[in-house]
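Enquirer: You'll find target_25.cif just under this line, and it carries mmCIF, C-alpha atoms.
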data_query
loop_
_atom_site.label_atom_id
_atom_site.label_comp_id
_atom_site.auth_asym_id
_atom_site.auth_seq_id
_atom_site.Cartn_x
_atom_site.Cartn_y
_atom_site.Cartn_z
CA MET A 26 21.21 11.10 -4.39
CA ALA A 27 19.30 13.17 -6.90
CA ALA A 28 15.57 12.61 -7.18
CA THR A 29 15.77 11.76 -10.85
CA ALA A 30 18.41 9.15 -10.15
CA THR A 31 16.06 7.48 -7.68
CA LYS A 32 13.27 7.41 -10.24
CA THR A 33 15.35 5.90 -13.00
CA VAL A 34 16.01 2.72 -10.98
CA MET A 35 12.31 2.04 -10.50
CA LYS A 36 12.33 -1.21 -12.41
CA PRO A 37 10.77 -4.25 -10.80
CA GLU A 38 13.82 -6.40 -11.28
CA ALA A 39 15.86 -3.81 -9.41
CA ILE A 40 13.88 -4.26 -6.20
CA SER A 41 13.70 -8.03 -6.14
CA GLU A 42 16.96 -8.76 -4.38
CA GLU A 43 16.50 -8.13 -0.66
CA ALA A 44 13.59 -8.30 1.75
CA PHE A 45 11.53 -5.24 2.59
CA TYR A 46 10.20 -4.52 6.06
CA PHE A 47 6.65 -3.16 6.39
CA PRO A 48 6.41 -1.79 9.96
CA GLN A 49 2.59 -1.66 9.81
CA GLY A 50 2.07 -4.80 7.76
CA LEU A 51 -0.71 -4.51 5.19
CA ALA A 52 -4.41 -4.01 5.91
CA GLY A 53 -5.76 -7.40 6.88
CA PHE A 54 -2.24 -8.79 7.13
CA SER A 55 -0.92 -6.73 10.02
CA ASP A 56 1.24 -9.60 11.31
CA ALA A 57 3.14 -9.87 8.05
CA HIS A 58 6.08 -7.48 8.17
CA GLU A 59 8.85 -8.96 6.09
CA PHE A 60 8.27 -9.29 2.37
CA GLY A 61 10.28 -10.40 -0.61
CA PHE A 62 9.83 -9.33 -4.20
CA ILE A 63 9.64 -11.96 -6.90
CA TYR A 64 10.03 -10.94 -10.50
CA GLU A 65 8.84 -13.42 -13.12
CA GLY A 66 9.65 -11.37 -16.19
CA HIS A 67 6.07 -10.27 -16.81
CA GLY A 68 6.36 -6.62 -17.81
CA ASP A 69 6.40 -4.32 -14.81
CA ILE A 70 4.53 -6.68 -12.51
CA VAL A 71 6.20 -8.13 -9.42
CA CYS A 72 4.91 -10.33 -6.64
CA LEU A 73 5.28 -9.05 -3.10
CA GLN A 74 5.20 -12.10 -0.87
CA SER A 75 5.32 -12.33 2.89
CA ILE A 76 8.32 -14.28 4.10
CA ASP A 77 6.59 -15.36 7.31
CA SER A 78 3.18 -16.03 5.75
CA PRO A 79 3.68 -16.95 2.08
CA GLU A 80 -0.08 -17.09 1.55
CA ALA A 81 0.01 -13.29 1.75
CA ALA A 82 1.18 -12.44 -1.76
CA PHE A 83 0.30 -9.40 -3.83
CA LEU A 84 0.94 -8.31 -7.37
CA LEU A 85 2.39 -4.82 -7.66
CA THR A 86 3.25 -2.55 -10.54
CA PRO A 87 4.82 0.92 -10.51
CA TRP A 88 2.53 3.94 -10.34
CA ASP A 89 2.15 5.16 -13.91
CA GLU A 90 1.92 8.96 -13.91
CA ALA A 91 0.87 9.04 -17.57
CA ARG A 92 -2.28 7.09 -16.73
CA LEU A 93 -2.92 7.94 -13.10
CA GLY A 94 -1.58 11.46 -12.73
CA PRO A 95 1.02 12.58 -10.22
CA VAL A 96 2.12 10.17 -7.54
CA PRO A 97 0.34 10.50 -4.18
CA LYS A 98 1.81 12.55 -1.37
CA LEU A 99 2.68 10.54 1.69
CA PRO A 100 1.57 12.33 4.88
CA ASN A 101 4.45 13.48 7.05
CA GLU A 102 3.56 11.20 9.94
CA GLN A 103 3.79 8.22 7.58
CA CYS A 104 7.05 9.41 6.03
CA SER A 105 8.76 8.71 9.34
CA CYS A 106 7.42 5.16 9.26
CA ILE A 107 9.49 4.36 6.18
CA ASN A 108 12.25 6.78 7.06
CA VAL A 109 11.96 9.18 4.12
CA GLN A 110 12.74 12.86 4.36
CA ALA A 111 11.51 13.89 0.92
CA GLN A 112 8.63 12.74 -1.26
CA ASP A 113 10.91 12.02 -4.22
CA GLN A 114 12.62 9.30 -2.20
CA ILE A 115 9.46 7.22 -2.46
CA MET A 116 8.80 4.60 -5.10
CA TRP A 117 5.04 4.24 -5.51
CA MET A 118 3.40 1.02 -6.63
CA VAL A 119 -0.22 -0.04 -6.97
CA VAL A 120 -1.66 -3.36 -5.81
CA LEU A 121 -3.17 -5.34 -8.67
CA ASN A 122 -6.07 -7.72 -8.24
CA PRO A 123 -6.24 -10.41 -10.94
CA PHE A 124 -9.06 -12.27 -9.18
CA ALA A 125 -11.86 -9.71 -8.87
CA ASP A 126 -12.87 -9.50 -12.52
CA LYS A 127 -12.78 -12.15 -15.24
CA GLN A 128 -11.90 -9.67 -17.96
CA TRP A 129 -9.75 -7.16 -16.16
CA VAL A 130 -6.85 -7.01 -13.79
CA THR A 131 -7.76 -4.16 -11.48
CA ALA A 132 -5.59 -1.73 -9.54
CA ASN A 133 -6.30 -0.35 -6.08
CA LEU A 134 -5.66 3.39 -6.33
CA ARG A 135 -6.93 4.02 -2.84
CA ALA A 136 -4.20 2.10 -1.07
CA PRO A 137 -0.96 2.19 -3.03
CA ILE A 138 2.36 0.97 -1.68
CA ALA A 139 5.12 3.42 -0.79
CA LEU A 140 8.65 2.05 -0.79
CA ASN A 141 11.92 3.43 0.48
CA LEU A 142 14.30 1.48 -1.74
CA GLU A 143 17.44 2.44 0.13
CA ALA A 144 16.14 1.58 3.59
CA ARG A 145 14.12 -1.41 2.31
CA LEU A 146 11.02 -0.15 4.09
CA GLY A 147 7.45 -0.19 2.84
CA LEU A 148 3.99 1.03 3.75
CA GLN A 149 0.48 0.69 2.36
CA CYS A 150 -0.84 4.24 2.22
CA ILE A 151 -4.59 4.22 2.79
CA ARG A 152 -6.05 7.38 1.28
CA ALA A 153 -9.25 8.91 2.58
CA ASP A 154 -10.44 10.28 -0.78
CA SER A 155 -13.57 8.28 -1.63
CA GLU A 156 -13.30 9.28 -5.32
CA LEU A 157 -10.28 7.05 -5.76
CA GLU A 158 -11.06 3.74 -7.40
CA ILE A 159 -10.49 0.49 -5.56
CA ARG A 160 -10.81 -1.50 -8.77
CA TYR A 161 -9.43 0.62 -11.56
CA ARG A 162 -9.24 -1.35 -14.80
CA TRP A 163 -5.51 -1.69 -15.22
CA MET A 164 -5.09 -4.22 -17.98
CA ALA A 165 -7.02 -6.94 -19.73
CA GLN A 166 -6.65 -10.43 -18.32
CA PRO A 167 -4.07 -12.43 -20.28
CA SER A 168 -5.84 -14.79 -22.64
CA MET B 22 -16.26 -2.04 25.87
CA LEU B 23 -14.74 0.57 28.09
CA ILE B 24 -16.72 3.82 27.98
CA LEU B 25 -15.19 7.04 29.26
CA ARG B 26 -16.51 10.57 29.58
CA ARG B 27 -13.98 13.20 28.52
CA LYS B 28 -14.07 16.98 28.10
CA ILE B 29 -12.44 18.97 25.32
CA GLY B 30 -8.68 18.99 25.83
CA GLN B 31 -8.67 15.91 28.00
CA VAL B 32 -6.65 12.88 27.04
CA ILE B 33 -6.99 9.11 26.98
CA THR B 34 -3.82 7.04 27.06
CA ILE B 35 -3.39 3.52 25.74
CA ASN B 36 -0.23 1.79 26.88
CA ASP B 37 2.70 4.15 27.27
CA ASN B 38 2.76 5.27 23.69
CA ILE B 39 -0.73 6.11 22.39
CA ARG B 40 -2.61 9.28 23.33
CA ILE B 41 -6.09 10.27 22.18
CA ILE B 42 -6.94 13.93 22.67
CA ILE B 43 -10.47 15.30 22.47
CA GLN B 44 -10.13 18.38 20.27
CA ASP B 45 -13.62 19.66 19.63
CA VAL B 46 -17.30 18.78 19.46
CA GLN B 47 -19.14 20.25 16.48
CA ASN B 48 -22.92 20.47 16.21
CA GLU B 49 -23.22 18.14 19.21
CA HIS B 50 -22.63 15.16 16.92
CA ILE B 51 -19.18 15.35 15.36
CA VAL B 52 -16.20 14.81 17.62
CA ARG B 53 -12.74 15.83 16.47
CA ILE B 54 -10.01 13.82 18.08
CA GLY B 55 -6.24 13.87 17.80
CA ILE B 56 -4.28 10.65 17.97
CA GLU B 57 -0.61 10.34 18.81
CA ALA B 58 0.79 6.89 18.15
CA PRO B 59 4.12 5.37 17.10
CA PRO B 60 4.59 5.25 13.31
CA GLU B 61 4.34 1.47 13.25
CA ILE B 62 0.78 1.66 14.59
CA PRO B 63 -1.66 2.17 11.70
CA VAL B 64 -4.49 4.58 12.51
CA HIS B 65 -7.38 4.81 10.05
CA ARG B 66 -11.08 5.54 9.80
CA MET B 67 -12.65 2.12 10.24
CA GLU B 68 -15.03 2.27 7.27
CA ILE B 69 -12.12 3.00 4.93
CA TYR B 70 -9.81 0.46 6.53
CA ASN B 71 -12.45 -2.25 6.19
CA ILE B 72 -12.75 -1.62 2.45
CA ILE B 73 -8.99 -1.90 1.97
CA GLN B 74 -8.86 -4.97 4.18
CA GLU B 75 -11.48 -6.67 2.00
CA GLU B 76 -9.72 -5.69 -1.21
CA ASN B 77 -6.38 -6.94 0.12
CA ALA B 78 -8.01 -10.22 1.08
CA SER B 79 -9.35 -10.52 -2.47
CA ALA B 80 -6.08 -9.58 -4.16
CA GLY B 81 -3.56 -11.12 -1.78
CA SER B 82 -3.22 -14.85 -1.88
CA ALA B 83 -0.68 -17.49 -2.77
CA GLY B 84 -2.53 -17.65 -6.09
CA ALA B 85 -1.07 -14.28 -7.02
CA LEU B 86 2.34 -15.77 -7.70
CA ASN B 87 0.79 -18.60 -9.70
CA TRP B 88 -1.17 -16.06 -11.71
CA LEU B 89 2.04 -14.16 -12.44
CA LYS B 90 3.87 -17.31 -13.48
CA GLY B 91 0.97 -18.30 -15.69
CA ALA B 92 0.77 -14.88 -17.27
CA SER B 93 4.50 -14.92 -17.94
CA ASN B 94 4.32 -18.35 -19.54
CA ASP B 95 1.47 -17.19 -21.76
CA GLY B 96 3.92 -14.85 -23.40
CA SER B 97 1.54 -11.98 -22.88
CA ASN B 98 3.15 -8.88 -21.51
CA SER B 99 1.89 -5.82 -19.74
CA ASP B 100 4.45 -3.52 -21.34
CA GLU B 101 1.76 -2.22 -23.64
CA ASN B 102 0.17 -0.66 -20.60
CA SER B 103 3.29 1.13 -19.51
CA ASP B 104 5.06 4.01 -21.09
CA GLU B 105 8.49 2.65 -20.32
CA THR B 106 10.12 0.04 -18.21
#
In structure tokens, what does this structure look like?

Expert:
Amino acid sequence: MAATATKTVMKPEAISEEAFYFPQGLAGFSDAHEFGFIYEGHGDIVCLQSIDSPEAAFLLTPWDEARLGPVPKLPNEQCSCINVQAQDQIMWMVVLNPFADKQWVTANLRAPIALNLEARLGLQCIRADSELEIRYRWMAQPS
Amino acid sequence: MLILRRKIGQVITINDNIRIIIQDVQNEHIVRIGIEAPPEIPVHRMEIYNIIQEENASAGSAGALNWLKGASNDGSNSDENSDET
């Protein structure tokens, strides 16, 4: 499959059909491995919810290159974790936090989510760069 | 806590599948180590991992889905923040 073809299907509603397996879990939720995507029709935002532990639920939105710059590069040793051979196989999403700030929904740029859509595998990529914002102002809170 | 003395090049094993190799000691204070572990085992610097753990705990809750449902019902939409969907 061509890289561009992979990118064009990066719509939240397109990934909300089957469960994804996160071999490492997520930081702080390492026992949660199987997640489902729930799309509620709110723009590009989806909810990633643990199937085993539904209290572990995260809001995700696709990495926006126009605002954030190029997508991150997943280290080779982590590529094998989600079974990707090339970087353009990865769909990148950021974790949104609607609870940290009354005025803003923030985005964690330091630990985005890498997805292999074909294999239904996911990984939270924790990046060492301390310049990356944990609470980047993504959008204003809905009124 | 188990405390071991190791020389450069020596290895510590954990289970059958994790190896920690002492690579180098710089300026008598900084130790470089190599870690071989299965891909499903996350390996991170603790101070960074702790920050992400805290942020995930703040962002990840059952309330996230309720927030999304509420935001959708408000009729507000985040499309204005995206170039295309």

Enquirer: My list of candidates is A:Pro95, A:Pro167, A:Pro137, A:Gly147. Which is closest to chain B when distances are computed with only C-alpha atoms?

Expert: A:Pro167

Enquirer: Write out as a PyMOL selection string the residues lying within 6 Å of region 72-75 of chain B, counting only C-alpha atoms and excluding same-chain residues fewer than 2 positions away.

Expert: (chain A and resi 52-53) or (chain B and resi 69-70+77-78)

Enquirer: Which residue is closest to Arg145 (chain A)? Choose from A:Ala91, A:Leu99, A:Val109, A:Ile63 and count only C-alpha atoms.

Expert: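 Looking at the shortest contact to Arg145 (chain A), the residue is A:Val109.
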
Enquirer: If we count all atoms listed in the file, what is near Ile138 (chain A) at a cut-off of 8 Å, once residues fewer than 5 positions away on the same chain are taken out, given as a PyMOL selection string?

Expert: chain A and resi 117-120+147-150

Enquirer: Nearest to chain A: which of B:Ile24, B:Gln47, B:Gln31, B:Asn87 is it, counting only C-alpha atoms?

Expert: B:Asn87

Enquirer: Near chain B, meaning an atom within 6 Å, which residues of chain A appear when counting only C-alpha atoms? Write them as number ranges by chain.

Expert: A: 48-49, 52-53, 67-68, 80-83, 106, 122

Enquirer: Which distance in Å separates CA of Lys127 (chain A) and CA of Thr86 (chain A), to one decimal?

Expert: 19.3 Å

Enquirer: List the residues selected by the PyMOL selection byres ((chain A and resi 128) around 7) in the file shown, writing them as a PyMOL selection string.

Expert: chain A and resi 126-127+129+165-166

Enquirer: If you keep C-alpha atoms, can you produce a file of those selected residues as an mmCIF file, keeping the file's coordinate frame?

Expert:
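Writing the result to again-v4.cif gives the following:
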data_model
loop_
_atom_site.group_PDB
_atom_site.id
_atom_site.type_symbol
_atom_site.label_atom_id
_atom_site.label_comp_id
_atom_site.auth_asym_id
_atom_site.auth_seq_id
_atom_site.Cartn_x
_atom_site.Cartn_y
_atom_site.Cartn_z
ATOM 1 C CA ASP A 126 -12.870 -9.500 -12.520
ATOM 2 C CA LYS A 127 -12.780 -12.150 -15.240
ATOM 3 C CA TRP A 129 -9.750 -7.160 -16.160
ATOM 4 C CA ALA A 165 -7.020 -6.940 -19.730
ATOM 5 C CA GLN A 166 -6.650 -10.430 -18.320
#

Enquirer: With the PyMOL selection byres ((chain B and resi 27) around 12) as the selection, what would be picked from this file? Answer as a list in words, please.

Expert: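 Listing what the PyMOL selection byres ((chain B and resi 27) around 12) selects in the shown file: Ile24, Leu25, Arg26, Lys28, Ile29, Gly30, Gln31, Val32, Ile33, Thr34, Ile41, Ile42, Ile43, Gln44, Asp45, Val46, Val52 and Ile54 of chain B.
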
Enquirer: May I ask for the distance between CA of Tyr161 (chain A) and CA of Asn108 (chain A), given in Å to one decimal place?

Expert: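 CA of Tyr161 (chain A) sits 29.2 Å away from CA of Asn108 (chain A).
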
Enquirer: When you draw a straight line from CA of Ala111 (chain A) to CA of Phe45 (chain A), how long is it in Å?

Expert: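 Computing the Euclidean distance for CA of Ala111 (chain A) and CA of Phe45 (chain A) yields 19.2 Å.
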
Enquirer: Suppose a student applies the PyMOL selection byres ((chain A and resi 160) around 7) to this structure; what residues should they get, written as a list in words?

Expert: Thr131, Ala132, Asn133, Glu158, Ile159, Tyr161 and Arg162 of chain A

Enquirer: From the set A:Met116, A:Val130, A:Val71, A:Ile76, which residue has the shortest atom-to-atom contact distance to Lys98 (chain A), counting all atoms listed in the file?

Expert: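 Under the stated criterion, the closest residue is A:Met116.
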
Enquirer: So which residues touch Arg152 (chain A) within 9 Å, counting only C-alpha atoms, skipping near sequence neighbours fewer than 5 positions away, as a count of residues only?

Expert: 7
